[in-house]
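S.K.: For reference, this is query.txt, and it has compact mmCIF, C-alpha atoms.
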# COMPACT_ATOMS: atom_id res chain seq x y z
CA MET A 826 -50.07 2.74 -14.46
CA SER A 827 -47.19 0.76 -15.98
CA ASN A 828 -46.95 2.92 -19.08
CA VAL A 829 -45.13 5.81 -17.42
CA ILE A 830 -41.62 7.17 -17.52
CA LEU A 831 -39.83 7.55 -14.17
CA CYS A 832 -37.14 10.17 -13.69
CA ASP A 833 -34.69 10.66 -10.79
CA ILE A 834 -33.11 14.13 -11.04
CA GLY A 835 -29.73 14.21 -9.30
CA ASN A 836 -26.94 16.76 -9.05
CA SER A 837 -25.12 15.50 -12.16
CA PHE A 838 -27.59 13.64 -14.35
CA LEU A 839 -31.24 12.86 -14.93
CA HIS A 840 -31.78 9.11 -14.55
CA PHE A 841 -34.70 7.61 -16.47
CA TYR A 842 -36.63 4.35 -16.25
CA TYR A 843 -39.07 3.14 -18.85
CA SER A 844 -40.45 -0.33 -19.34
CA GLY A 845 -37.56 -2.17 -17.68
CA ARG A 846 -34.81 -0.04 -19.20
CA ILE A 847 -32.71 2.56 -17.36
CA TRP A 848 -30.53 5.30 -18.82
CA ARG A 849 -29.19 8.71 -17.91
CA GLU A 850 -29.21 12.07 -19.70
CA LYS A 851 -27.26 15.30 -19.21
CA PRO A 852 -29.39 18.23 -17.96
CA ASN A 853 -28.63 20.24 -21.10
CA GLU A 854 -29.28 17.38 -23.49
CA ILE A 855 -32.65 16.00 -22.46
CA SER A 856 -34.09 13.92 -25.30
CA ALA A 857 -37.71 14.40 -26.35
CA LYS A 858 -40.04 11.73 -24.91
CA LYS A 859 -43.32 10.61 -26.44
CA PRO A 860 -45.79 13.33 -25.41
CA HIS A 861 -48.62 10.96 -24.39
CA ILE A 862 -46.50 9.12 -21.79
CA PRO A 863 -46.52 10.85 -18.38
CA ILE A 864 -43.23 11.42 -16.60
CA TYR A 865 -43.21 10.94 -12.83
CA TYR A 866 -40.14 12.41 -11.23
CA ILE A 867 -38.33 13.24 -8.00
CA SER A 868 -35.60 15.89 -7.80
CA VAL A 869 -32.82 17.12 -5.53
CA ASN A 870 -31.80 19.81 -8.03
CA LEU A 871 -34.14 22.72 -8.77
CA ASN A 872 -32.28 23.90 -11.89
CA TYR A 873 -32.33 20.52 -13.56
CA GLU A 874 -35.94 20.02 -12.53
CA LYS A 875 -36.77 23.24 -14.36
CA LYS A 876 -35.00 21.96 -17.46
CA LEU A 877 -37.16 18.83 -17.46
CA LEU A 878 -40.34 20.85 -16.94
CA ASP A 879 -39.39 23.25 -19.74
CA SER A 880 -38.86 20.42 -22.21
CA HIS A 881 -41.84 18.26 -21.25
CA LYS A 882 -45.39 19.32 -20.48
CA LYS A 883 -46.69 16.25 -18.68
CA CYS A 884 -44.39 15.89 -15.66
CA ILE A 885 -45.64 15.04 -12.18
CA ASN A 886 -43.51 15.55 -9.09
CA LEU A 887 -43.98 12.45 -6.90
CA GLU A 888 -42.48 14.05 -3.78
CA PRO A 889 -45.80 15.10 -2.14
CA TYR A 890 -47.03 11.51 -2.42
CA VAL A 891 -43.98 9.80 -0.92
CA ASP A 892 -44.96 8.62 2.52
CA ILE A 893 -42.40 6.88 4.72
CA ASN A 894 -42.38 6.05 8.39
CA THR A 895 -39.44 7.96 9.88
CA SER A 896 -38.61 10.39 12.68
CA TYR A 897 -35.65 11.79 10.66
CA THR A 898 -36.21 15.44 9.77
CA GLY A 899 -34.93 16.76 6.45
CA LEU A 900 -34.44 13.39 4.74
CA GLY A 901 -33.68 13.98 1.04
CA ILE A 902 -36.40 12.78 -1.36
CA ASP A 903 -33.95 10.40 -3.10
CA ARG A 904 -33.15 8.72 0.22
CA LYS A 905 -36.85 8.56 1.15
CA VAL A 906 -37.81 6.92 -2.11
CA ALA A 907 -34.95 4.40 -1.99
CA CYS A 908 -36.08 3.39 1.52
CA LYS A 909 -39.54 2.58 0.14
CA ALA A 910 -37.96 -0.05 -2.10
CA ILE A 911 -37.03 -2.39 0.78
CA SER A 912 -38.64 -3.63 3.99
CA ASN A 913 -35.50 -4.60 5.92
CA GLY A 914 -31.85 -3.74 5.40
CA ILE A 915 -29.31 -0.98 4.92
CA ILE A 916 -29.29 1.24 1.84
CA ILE A 917 -25.91 2.65 0.80
CA ASP A 918 -26.09 5.26 -1.96
CA ALA A 919 -22.46 5.87 -2.91
CA GLY A 920 -22.04 8.99 -5.05
CA SER A 921 -20.34 12.34 -4.38
CA ALA A 922 -21.67 11.80 -0.86
CA ILE A 923 -22.39 8.39 0.64
CA THR A 924 -25.70 8.12 2.48
CA ILE A 925 -26.34 5.12 4.69
CA ASP A 926 -29.93 4.48 5.79
CA ILE A 927 -31.34 1.82 8.06
CA VAL A 928 -34.76 0.28 7.36
CA GLU A 929 -36.44 -2.17 9.72
CA ASN A 930 -39.96 -3.53 9.13
CA ASN A 931 -40.70 -0.70 6.69
CA VAL A 932 -39.60 1.91 9.24
CA HIS A 933 -36.63 4.20 8.53
CA LEU A 934 -34.63 4.19 11.78
CA GLY A 935 -32.15 6.89 10.76
CA GLY A 936 -29.00 7.28 8.73
CA TYR A 937 -25.76 9.16 8.25
CA ILE A 938 -23.57 10.76 5.63
CA LEU A 939 -19.94 10.28 4.56
CA PRO A 940 -18.05 11.98 1.73
CA GLY A 941 -17.84 9.91 -1.48
CA ILE A 942 -14.53 8.53 -2.79
CA SER A 943 -13.97 11.28 -5.38
CA SER A 944 -14.89 14.00 -2.87
CA TYR A 945 -12.42 12.57 -0.35
CA GLN A 946 -9.66 12.69 -2.94
CA ASP A 947 -10.29 16.41 -3.59
CA PHE A 948 -10.33 17.06 0.14
CA TYR A 949 -6.95 15.53 0.95
CA ARG A 950 -5.47 17.68 -1.81
CA GLN A 951 -6.85 20.76 -0.04
CA ILE A 952 -5.30 19.84 3.31
CA SER A 953 -1.79 19.71 1.84
CA TYR A 954 -0.18 19.41 -1.58
CA ALA A 955 1.77 16.50 -0.06
CA LEU A 956 -1.53 14.58 0.12
CA ASP A 957 -2.38 15.14 -3.55
CA VAL A 958 -2.09 11.52 -4.71
CA ASN A 959 -3.93 9.23 -7.10
CA LEU A 960 -5.89 6.76 -5.01
CA ASP A 961 -5.00 3.08 -5.03
CA LEU A 962 -8.41 1.45 -4.86
CA SER A 963 -6.82 -1.97 -4.46
CA VAL A 964 -4.65 -0.93 -1.50
CA ASN A 965 -4.12 -3.73 1.04
CA LEU A 966 -6.61 -3.02 3.83
CA TYR A 967 -5.04 -5.51 6.23
CA MET A 968 -1.46 -4.18 6.34
CA PRO A 969 -0.23 -0.83 7.67
CA PRO A 970 0.37 1.53 4.69
CA LYS A 971 3.97 2.23 3.69
CA ASN A 972 3.72 5.48 1.71
CA THR A 973 1.47 8.51 1.25
CA LYS A 974 -0.57 7.02 -1.60
CA GLU A 975 -1.34 3.93 0.47
CA ALA A 976 -1.87 6.02 3.64
CA VAL A 977 -4.53 8.19 1.97
CA SER A 978 -6.23 5.33 0.06
CA PHE A 979 -6.32 3.19 3.21
CA GLY A 980 -7.73 6.08 5.27
CA ILE A 981 -10.58 6.66 2.82
CA LEU A 982 -11.57 3.10 1.95
CA LYS A 983 -11.10 1.48 5.33
CA SER A 984 -13.07 4.17 7.18
CA ILE A 985 -16.01 3.86 4.77
CA LEU A 986 -15.94 0.04 4.88
CA LEU A 987 -15.68 -0.08 8.70
CA MET A 988 -18.68 2.22 8.99
CA ILE A 989 -20.78 0.11 6.63
CA LYS A 990 -19.72 -3.12 8.35
CA HIS A 991 -20.45 -1.67 11.78
CA THR A 992 -23.94 -0.56 10.66
CA SER A 993 -24.65 -3.79 8.82
CA GLN A 994 -24.20 -6.34 11.61
CA THR A 995 -26.19 -9.16 10.01
CA LYS A 996 -28.53 -7.01 7.97
CA LYS A 997 -28.68 -7.12 4.19
CA LEU A 998 -26.83 -4.35 2.35
CA TYR A 999 -28.38 -2.68 -0.72
CA PHE A 1000 -25.81 -0.68 -2.68
CA THR A 1001 -26.68 1.88 -5.32
CA GLY A 1002 -25.06 4.97 -6.90
CA GLY A 1003 -21.91 5.42 -8.99
CA ASP A 1004 -19.55 3.68 -6.55
CA GLY A 1005 -22.15 1.18 -5.32
CA LYS A 1006 -20.83 -1.73 -7.37
CA PHE A 1007 -17.28 -1.11 -6.10
CA PHE A 1008 -18.30 -1.16 -2.43
CA ALA A 1009 -20.75 -4.05 -2.79
CA LYS A 1010 -17.96 -6.49 -3.62
CA PHE A 1011 -16.45 -6.06 -0.14
CA PHE A 1012 -19.51 -7.62 1.53
CA GLU A 1013 -21.08 -11.05 1.33
CA ASN A 1014 -24.56 -10.00 2.41
CA SER A 1015 -24.79 -7.36 -0.32
CA ILE A 1016 -26.75 -6.57 -3.45
CA PHE A 1017 -25.97 -3.89 -6.03
CA ASP A 1018 -29.18 -2.45 -7.41
CA ASN A 1019 -29.16 0.79 -9.39
CA THR A 1020 -32.95 0.67 -9.74
CA LEU A 1021 -33.69 1.09 -6.01
CA VAL A 1022 -35.02 4.63 -6.45
CA PHE A 1023 -37.25 3.55 -9.33
CA LYS A 1024 -38.58 0.63 -7.29
CA GLY A 1025 -39.45 3.10 -4.53
CA MET A 1026 -41.20 5.34 -7.05
CA GLN A 1027 -43.20 2.39 -8.41
CA GLN A 1028 -44.15 1.50 -4.83
CA THR A 1029 -45.39 5.08 -4.35
CA LEU A 1030 -47.43 4.91 -7.56
CA LYS A 1031 -49.01 1.65 -6.34
CA GLU A 1032 -50.00 3.32 -3.08
CA ILE A 1033 -51.56 6.25 -4.94
CA GLU A 1034 -53.47 3.80 -7.15
CA LYS A 1035 -54.79 1.93 -4.09
CA GLN A 1036 -56.03 5.14 -2.52
CA HIS A 1037 -58.01 5.92 -5.66
CA ASN A 1038 -59.64 2.50 -5.91
CA MET B 354 22.57 19.47 26.26
CA SER B 355 19.56 20.34 28.41
CA ASN B 356 19.93 24.08 27.96
CA VAL B 357 18.48 24.21 24.47
CA ILE B 358 15.24 25.47 22.97
CA LEU B 359 13.24 22.97 20.91
CA CYS B 360 10.96 24.18 18.12
CA ASP B 361 8.37 22.24 16.08
CA ILE B 362 7.37 24.28 13.01
CA GLY B 363 3.90 23.29 11.81
CA ASN B 364 1.53 24.67 9.19
CA SER B 365 -0.18 27.10 11.58
CA PHE B 366 2.16 27.79 14.49
CA LEU B 367 5.68 27.38 15.78
CA HIS B 368 5.60 25.26 18.94
CA PHE B 369 8.41 25.81 21.44
CA TYR B 370 9.78 23.83 24.37
CA TYR B 371 12.22 25.18 26.88
CA SER B 372 13.08 23.81 30.30
CA GLY B 373 9.80 21.96 30.86
CA ARG B 374 7.57 24.68 29.45
CA ILE B 375 5.74 24.58 26.10
CA TRP B 376 4.14 27.45 24.18
CA ARG B 377 3.28 28.42 20.63
CA GLU B 378 3.99 31.51 18.55
CA LYS B 379 2.53 32.86 15.31
CA PRO B 380 4.97 32.78 12.36
CA ASN B 381 4.81 36.57 11.99
CA GLU B 382 5.21 37.26 15.71
CA ILE B 383 8.23 35.21 16.74
CA SER B 384 9.56 36.53 20.04
CA ALA B 385 13.30 37.11 20.48
CA LYS B 386 15.05 34.28 22.35
CA LYS B 387 18.24 34.60 24.39
CA PRO B 388 20.99 34.57 21.74
CA HIS B 389 23.32 32.16 23.61
CA ILE B 390 20.72 29.34 23.78
CA PRO B 391 20.74 27.17 20.64
CA ILE B 392 17.41 26.37 18.97
CA TYR B 393 16.98 22.84 17.63
CA TYR B 394 14.04 22.58 15.26
CA ILE B 395 12.09 20.40 12.86
CA SER B 396 9.81 21.87 10.19
CA VAL B 397 7.06 20.87 7.77
CA ASN B 398 6.69 24.44 6.49
CA LEU B 399 9.52 26.05 4.51
CA ASN B 400 8.15 29.62 4.79
CA TYR B 401 7.81 29.52 8.54
CA GLU B 402 11.21 27.84 8.84
CA LYS B 403 12.68 30.81 6.96
CA LYS B 404 11.01 33.21 9.40
CA LEU B 405 12.67 31.43 12.33
CA LEU B 406 16.06 31.41 10.61
CA ASP B 407 15.75 35.12 9.74
CA SER B 408 15.00 36.07 13.33
CA HIS B 409 17.51 33.78 15.06
CA LYS B 410 21.10 33.04 14.10
CA LYS B 411 21.74 29.85 16.06
CA CYS B 412 19.13 27.40 14.73
CA ILE B 413 19.95 23.79 13.96
CA ASN B 414 17.65 21.62 11.84
CA LEU B 415 17.43 18.22 13.57
CA GLU B 416 15.93 16.45 10.55
CA PRO B 417 19.20 14.98 9.17
CA TYR B 418 19.89 13.40 12.57
CA VAL B 419 16.48 11.78 13.06
CA ASP B 420 16.95 8.07 12.53
CA ILE B 421 13.95 5.74 12.77
CA ASN B 422 13.46 2.15 11.76
CA THR B 423 10.72 2.16 9.10
CA SER B 424 10.02 0.94 5.60
CA TYR B 425 7.54 3.80 5.02
CA THR B 426 8.72 6.16 2.31
CA GLY B 427 7.98 9.88 2.60
CA LEU B 428 7.12 9.91 6.31
CA GLY B 429 6.83 13.54 7.48
CA ILE B 430 9.52 14.68 9.92
CA ASP B 431 6.90 15.49 12.60
CA ARG B 432 5.55 11.94 12.43
CA LYS B 433 9.08 10.49 12.47
CA VAL B 434 10.07 12.44 15.54
CA ALA B 435 6.85 11.62 17.42
CA CYS B 436 7.49 7.92 16.74
CA LYS B 437 10.88 8.22 18.44
CA ALA B 438 9.12 9.22 21.66
CA ILE B 439 7.59 5.78 22.24
CA SER B 440 8.68 2.15 21.98
CA ASN B 441 5.27 0.52 21.61
CA GLY B 442 1.85 1.91 20.77
CA ILE B 443 -0.17 3.98 18.34
CA ILE B 444 0.45 7.70 17.84
CA ILE B 445 -2.57 9.77 16.78
CA ASP B 446 -1.72 13.34 15.82
CA ALA B 447 -5.11 15.03 15.39
CA GLY B 448 -4.83 18.38 13.64
CA SER B 449 -6.04 19.60 10.23
CA ALA B 450 -5.16 16.07 9.16
CA ILE B 451 -5.13 13.07 11.50
CA THR B 452 -2.08 10.84 11.17
CA ILE B 453 -2.13 7.42 12.81
CA ASP B 454 1.22 5.61 13.19
CA ILE B 455 1.98 2.19 14.58
CA VAL B 456 5.17 1.59 16.58
CA GLU B 457 6.22 -1.86 17.77
CA ASN B 458 9.50 -2.51 19.58
CA ASN B 459 10.90 0.82 18.32
CA VAL B 460 10.02 -0.07 14.73
CA HIS B 461 7.51 2.06 12.77
CA LEU B 462 5.23 -0.49 11.08
CA GLY B 463 3.31 2.01 8.95
CA GLY B 464 0.46 4.46 9.25
CA TYR B 465 -2.38 6.25 7.53
CA ILE B 466 -4.06 9.62 7.17
CA LEU B 467 -7.59 10.89 7.76
CA PRO B 468 -8.93 14.43 7.43
CA GLY B 469 -9.16 16.33 10.73
CA ILE B 470 -12.51 17.37 12.26
CA SER B 471 -12.38 20.97 11.03
CA SER B 472 -11.28 19.87 7.55
CA TYR B 473 -14.17 17.41 7.37
CA GLN B 474 -16.62 20.15 8.23
CA ASP B 475 -15.35 22.33 5.36
CA PHE B 476 -15.56 19.36 3.01
CA TYR B 477 -19.21 18.47 3.67
CA ARG B 478 -20.06 22.11 2.96
CA GLN B 479 -18.39 21.74 -0.45
CA ILE B 480 -20.38 18.63 -1.38
CA SER B 481 -23.72 20.41 -0.90
CA TYR B 482 -25.03 23.51 0.84
CA ALA B 483 -27.54 21.18 2.49
CA LEU B 484 -24.61 19.61 4.39
CA ASP B 485 -23.34 22.96 5.71
CA VAL B 486 -24.09 22.36 9.40
CA ASN B 487 -22.41 23.12 12.71
CA LEU B 488 -21.07 19.86 14.07
CA ASP B 489 -22.52 18.34 17.20
CA LEU B 490 -19.43 16.90 18.88
CA SER B 491 -21.56 15.23 21.54
CA VAL B 492 -23.80 13.45 19.03
CA ASN B 493 -25.01 10.04 20.22
CA LEU B 494 -22.71 7.53 18.52
CA TYR B 495 -24.87 4.52 19.42
CA MET B 496 -28.18 5.61 17.86
CA PRO B 497 -28.99 6.16 14.18
CA PRO B 498 -28.93 9.93 13.47
CA LYS B 499 -32.28 11.70 13.00
CA ASN B 500 -31.35 14.88 11.12
CA THR B 501 -28.62 16.32 8.89
CA LYS B 502 -26.57 17.83 11.72
CA GLU B 503 -26.49 14.48 13.51
CA ALA B 504 -25.94 12.57 10.25
CA VAL B 505 -22.84 14.61 9.38
CA SER B 506 -21.43 14.70 12.94
CA PHE B 507 -21.97 10.96 13.33
CA GLY B 508 -20.32 10.24 9.96
CA ILE B 509 -17.20 12.22 10.87
CA LEU B 510 -16.71 11.20 14.50
CA LYS B 511 -17.74 7.57 14.27
CA SER B 512 -15.56 6.87 11.23
CA ILE B 513 -12.49 8.38 12.92
CA LEU B 514 -13.17 6.56 16.20
CA LEU B 515 -13.80 3.20 14.48
CA MET B 516 -10.50 3.53 12.60
CA ILE B 517 -8.54 4.30 15.78
CA LYS B 518 -10.27 1.49 17.68
CA HIS B 519 -9.63 -0.96 14.86
CA THR B 520 -5.92 -0.03 14.75
CA SER B 521 -5.55 0.00 18.52
CA GLN B 522 -6.66 -3.53 19.38
CA THR B 523 -4.98 -3.74 22.81
CA LYS B 524 -2.16 -1.32 22.11
CA LYS B 525 -1.69 1.91 24.01
CA LEU B 526 -2.90 5.09 22.27
CA TYR B 527 -0.84 8.28 22.40
CA PHE B 528 -2.86 11.31 21.33
CA THR B 529 -1.36 14.66 20.42
CA GLY B 530 -2.33 17.69 18.33
CA GLY B 531 -5.15 20.24 18.62
CA ASP B 532 -7.98 17.67 18.76
CA GLY B 533 -5.92 15.05 20.62
CA LYS B 534 -7.49 15.70 24.00
CA PHE B 535 -10.99 15.44 22.53
CA PHE B 536 -10.35 12.05 20.93
CA ALA B 537 -8.35 10.66 23.87
CA LYS B 538 -11.40 10.69 26.12
CA PHE B 539 -13.14 8.07 23.96
CA PHE B 540 -10.54 5.43 24.82
CA GLU B 541 -9.51 3.81 28.08
CA ASN B 542 -6.02 2.81 26.98
CA SER B 543 -5.13 6.35 25.98
CA ILE B 544 -2.77 9.16 26.95
CA PHE B 545 -2.90 12.75 25.75
CA ASP B 546 0.62 14.14 25.44
CA ASN B 547 1.28 17.33 23.53
CA THR B 548 5.02 17.01 24.17
CA LEU B 549 5.47 13.82 22.11
CA VAL B 550 7.37 15.62 19.34
CA PHE B 551 9.65 17.32 21.87
CA LYS B 552 10.31 13.98 23.58
CA GLY B 553 11.31 12.57 20.20
CA MET B 554 13.60 15.54 19.59
CA GLN B 555 15.23 15.07 22.99
CA GLN B 556 15.70 11.39 22.19
CA THR B 557 17.42 12.41 18.95
CA LEU B 558 19.71 14.83 20.81
CA LYS B 559 20.65 12.04 23.24
CA GLU B 560 21.58 9.79 20.34
CA ILE B 561 23.74 12.51 18.80
CA GLU B 562 25.43 13.03 22.19
CA LYS B 563 26.12 9.29 22.50
CA GLN B 564 27.74 9.19 19.07
CA HIS B 565 30.09 11.98 20.05
CA ASN B 566 31.17 10.40 23.34
Let me see the structure of the file written as structure tokens.
M.R.:
Amino acid sequence: MSNVILCDIGNSFLHFYYSGRIWREKPNEISAKKPHIPIYYISVNLNYEKKLLDSHKKCINLEPYVDINTSYTGLGIDRKVACKAISNGIIIDAGSAITIDIVENNVHLGGYILPGISSYQDFYRQISYALDVNLDLSVNLYMPPKNTKEAVSFGILKSILLMIKHTSQTKKLYFTGGDGKFFAKFFENSIFDNTLVFKGMQQTLKEIEKQHN
Amino acid sequence: MSNVILCDIGNSFLHFYYSGRIWREKPNEISAKKPHIPIYYISVNLNYEKKLLDSHKKCINLEPYVDINTSYTGLGIDRKVACKAISNGIIIDAGSAITIDIVENNVHLGGYILPGISSYQDFYRQISYALDVNLDLSVNLYMPPKNTKEAVSFGILKSILLMIKHTSQTKKLYFTGGDGKFFAKFFENSIFDNTLVFKGMQQTLKEIEKQHN
């Protein structure tokens, strides 16, 4: 079971895991993998999924096998799989959107969605050209802002951080995604782990294996 | 000095105040005012300002006379004028953007900017069609969301409310703008006042009067 390739198909890249190594590939530049190694994947993007299937014969979609305890309807497969990687804590996947999910004793209690940093920046620009500023990611979060650049940067960062802090309480925070490392450094009880999804996929494979033994 | 018309030119409407009454007019449907009554105005929209000036001869831009104590550079005239209306407290102007400004002993200490509710909704739609939901403005803010509609609504409302609460501490909150009434009801120490800008303009007129006596 260990000699498999894992693939997480997102809206920008395909992320791969093989034998302890992770890397990403562009949807139009998928490299050829050894044909005898099966690829297990999950996908939130149908077009990119098709590109993987076209280039590789032996691909298995793990989605039907991912079983998590939740009463949330419509939970994305990437969020589901990440939740399988931990037993207790909060998972923050910070990309173009930021998803925050709460896991307690292997049960997903619910979660919510915020725009990601880069999305926010585009959005302010759309409200008014006066708000079209380059963000200051090191803006002082403990002093009232004194100009538009600070006012926008403060609004974005502080609102995201307050939400995470409020959800965290004393629980452990697991950050992943493109901006995960950036946000993780604001919290003591945090871990940055960009293999969370792959850990959840491995967990799913283990469960399948058990059922067949 | 009391027999004047006040006008606040925004990005959607022109808001008028005359003798205790407030109303709004569309930029392309400005009603004729009595020619002998001067109109004092502030404006954040050059096009709409031109429409007022074209339709009325006796209009005076108050902006050059608005004097507030602040070290914030680039503060919009509408925010400046609203700050003049209070001596102590937080002003939250909730429209297509939400501006939050802190006033202490007649000094503006700074402020920041969040997207407004309707802007947020457009933005989620742009991140992914899966996030194109009608908001639930009465979503439970004390339970983890259980579906996409709740997850998006919770993300928007809770982040705005946490920011306001965090800025407020024990200070009084003055809400204004289209969504001001909605947000005001979440806080005990709050007032909804959609005449804040006009109060600030009146304050400015008083100061001008004093200087001339």
S.K.: Pull the neighbourhood of (-31.8, 11.8, -16.0) for me: all residues within 8 Å in file coordinates, counting only C-alpha atoms, as an NGL selection string.
M.R.: :A and (832-835 or 838-841 or 848-852 or 855)
S.K.: Using all atoms listed in the file, determine which residues lie at most 10 Å from Ser993 of chain A, disregarding the query and same-chain residues fewer than 4 positions distant; provide the list as a list in words.
M.R.: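 Selected residues are Gly914, Ile915, Ile916, Ile925, Ile927, Leu987, Met988, Ile989, Lys997, Leu998, Phe1012, Asn1014 and Ser1015 of chain A.
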S.K.: Convert the current residue selection to file output with C-alpha atoms, as a short mmCIF file (atom, residue, chain, number, x, y, z; two decimals), in the frame of the given file.
M.R.:
data_model
loop_
_atom_site.label_atom_id
_atom_site.label_comp_id
_atom_site.auth_asym_id
_atom_site.auth_seq_id
_atom_site.Cartn_x
_atom_site.Cartn_y
_atom_site.Cartn_z
CA GLY A 914 -31.85 -3.74 5.40
CA ILE A 915 -29.31 -0.98 4.92
CA ILE A 916 -29.29 1.24 1.84
CA ILE A 925 -26.34 5.12 4.69
CA ILE A 927 -31.34 1.82 8.06
CA LEU A 987 -15.68 -0.08 8.70
CA MET A 988 -18.68 2.22 8.99
CA ILE A 989 -20.78 0.11 6.63
CA LYS A 997 -28.68 -7.12 4.19
CA LEU A 998 -26.83 -4.35 2.35
CA PHE A 1012 -19.51 -7.62 1.53
CA ASN A 1014 -24.56 -10.00 2.41
CA SER A 1015 -24.79 -7.36 -0.32
#
S.K.: Closest to Ile561 of chain B among B:Ala435, B:Leu415, B:Ile358, B:Ile390, using all atoms listed in the file?
M.R.: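 Smallest distance to Ile561 of chain B is found for B:Leu415.
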S.K.: Just give me the residues with any atom within 6 Å of (7.2, 18.9, 25.8), file coordinates, counting all atoms listed in the file, written as a tab-separated table (two decimals) with C-alpha atoms, in the coordinates of the input.
M.R.:
chain	number	residue	atom	x	y	z
B	370	TYR	CA	9.78	23.83	24.37
B	375	ILE	CA	5.74	24.58	26.10
B	548	THR	CA	5.02	17.01	24.17
B	551	PHE	CA	9.65	17.32	21.87
S.K.: What is the atom CA of Ala385 of chain B to atom CA of Asn400 of chain B distance in Å?
M.R.: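 Result for atom CA of Ala385 of chain B versus atom CA of Asn400 of chain B: 18.1 Å, one decimal.
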S.K.: Choose the residue, out of B:Ser365, B:Ser396, B:Ser472, B:Ser440, that has the smallest atom-to-atom separation from chain A; count only C-alpha atoms.
M.R.: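 Ranked by minimum distance to chain A, first place goes to B:Ser472.
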S.K.: For chain A, report every residue with an atom at most 8 Å from chain B (counting all atoms listed in the file), formatted as a PyMOL selection string.
M.R.: chain A and resi 896-900+921-922+927+934-940+944+948-949+952+969-973+975-977+979-981+983-985+987-988
S.K.: Hey, can you check how far atom CA of Thr1001 of chain A sits from atom CA of Leu877 of chain A?
M.R.: 23.3 Å
S.K.: Let me make sure I understand: among B:Glu416, B:Glu562, B:Glu382, B:Asp546, which one has the smallest atom-to-atom distance to Tyr401 of chain B if we use only C-alpha atoms?
M.R.: B:Glu382
S.K.: Rounded to one decimal place, report the atom CA of Val906 of chain A-atom CA of Ile942 of chain A distance in Å.
M.R.: 23.3 Å
S.K.: Which residue, A:Ile902, A:Ser844, A:Pro889, A:Lys883, has the smallest gap to Asn870 of chain A when you use all atoms listed in the file?
M.R.: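 Nearest candidate to Asn870 of chain A out of A:Ile902, A:Ser844, A:Pro889, A:Lys883: A:Ile902.
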S.K.: Which is closer to Asn493 of chain B than all the others in B:Leu510, B:Ala447, B:Leu558, B:Glu541, using only C-alpha atoms?
M.R.: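 Closest to Asn493 of chain B of all the choices is B:Leu510.
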S.K.: Between B:Val419, B:Ala438, B:Ile392, B:Val486, which one has atoms that come closest to Leu406 of chain B, using only C-alpha atoms?
M.R.: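 Checking each of B:Val419, B:Ala438, B:Ile392, B:Val486 against Leu406 of chain B, counting only C-alpha atoms, the winner is B:Ile392.
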S.K.: With all atoms listed in the file as the counted atoms, please give the residues lying no more than 6 Å from Tyr865 of chain A, apart from itself and same-chain residues fewer than 4 positions off, as number ranges by chain.
M.R.: A: 831, 884-886
S.K.: Would you pick out the contacts of Asn459 of chain B at 9 Å or less, using all atoms listed in the file, so that residues sharing its chain but fewer than 6 positions from it are not included, and give the list as a PyMOL selection string?
M.R.: chain B and resi 421-422+436-437+439-441
